[in-house]
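Asker: My structure is below; once you've seen it, I'll send some questions.
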Amino acid sequence: MLVGYARTSTLDQRAGFEAQRRELKEAGCEKVFAEQVSSVAAREKLEAALDFIRDGDVFVVTKLDRLARSM
């Protein structure tokens with residue numbers, strides 16, 4: 001199963017947030033977790049997504065910085 005994660009830092013980034021969700025659905029993600037929260041805050045939806053995925057699932061983000069700001 002493809003599992004997607006979308007995130008923006010603020011509620012003002014509505015267009016970017018919707019674009020991520022659309023891209024994840026177009027990529028074939030059956031389940032999408034989405035939240036609008038700073039990357040330094042607690043990210044409940046990211047935790048839920050990581051708890052949800054199982055062996056064989058693929059975790060998908062539209063850009064790496066949506067998952068981890070500084071690697």
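Numbering starts fresh at 1 for the residues of each chain in the structure tokens, the chains themselves are lettered A, B, ... in the order given, and ligands are numbered from 1 as they appear.
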Please provide as a list in words all residues within 8 Å of Ala49 in chain A, with the sequence filter that same-chain residues fewer than 3 positions apart are discarded (counting only C-alpha atoms).
Answerer: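 Answer for this query is Val3, Tyr5, Phe33, Lys45, Leu46, Phe52 and Ile53 of chain A.
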Asker: Atoms to include: N, CA and C atoms. Write the selected residues as an mmCIF file, in the first residue's frame.
Answerer:
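What follows is the written file selection25.cif:
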```cif
data_model
loop_
_atom_site.group_PDB
_atom_site.id
_atom_site.type_symbol
_atom_site.label_atom_id
_atom_site.label_comp_id
_atom_site.auth_asym_id
_atom_site.auth_seq_id
_atom_site.Cartn_x
_atom_site.Cartn_y
_atom_site.Cartn_z
ATOM 1 N N VAL A 3 1.282 4.922 1.215
ATOM 2 C CA VAL A 3 0.772 5.765 2.293
ATOM 3 C C VAL A 3 1.442 7.126 2.177
ATOM 4 N N TYR A 5 2.050 11.381 3.099
ATOM 5 C CA TYR A 5 2.111 12.357 4.189
ATOM 6 C C TYR A 5 2.285 13.739 3.586
ATOM 7 N N PHE A 33 -2.095 10.997 5.212
ATOM 8 C CA PHE A 33 -2.099 11.699 6.484
ATOM 9 C C PHE A 33 -1.640 13.121 6.201
ATOM 10 N N LYS A 45 0.031 13.631 13.155
ATOM 11 C CA LYS A 45 -0.331 12.884 11.941
ATOM 12 C C LYS A 45 0.862 12.095 11.400
ATOM 13 N N LEU A 46 2.067 12.646 11.532
ATOM 14 C CA LEU A 46 3.258 11.899 11.124
ATOM 15 C C LEU A 46 3.411 10.660 12.002
ATOM 16 N N PHE A 52 0.814 3.466 11.323
ATOM 17 C CA PHE A 52 -0.090 2.809 10.381
ATOM 18 C C PHE A 52 0.641 1.894 9.398
ATOM 19 N N ILE A 53 1.806 2.305 8.924
ATOM 20 C CA ILE A 53 2.483 1.542 7.868
ATOM 21 C C ILE A 53 2.967 0.187 8.377
#
```
Asker: Could you name the residues that touch Val60 in chain A at 12 Å or less, counting only C-alpha atoms, but leaving out those on the same chain fewer than 4 positions away, as number ranges by chain?
Answerer: A: 1-7, 20-21, 23-34, 46, 49-50, 53, 64, 66-67
Asker: Determine which residues of chain A receive a DSSP assignment of alpha helix (DSSP H), computed from the backbone, and state them as a ChimeraX atom specification.
Answerer: /A:14-26,44-52,64-67
Asker: With distances taken over only C-alpha atoms, which residue among A:Ala68, A:Gln13, A:Val61, A:Arg22 lies nearest Ala41 in chain A?
Answerer: A:Ala68
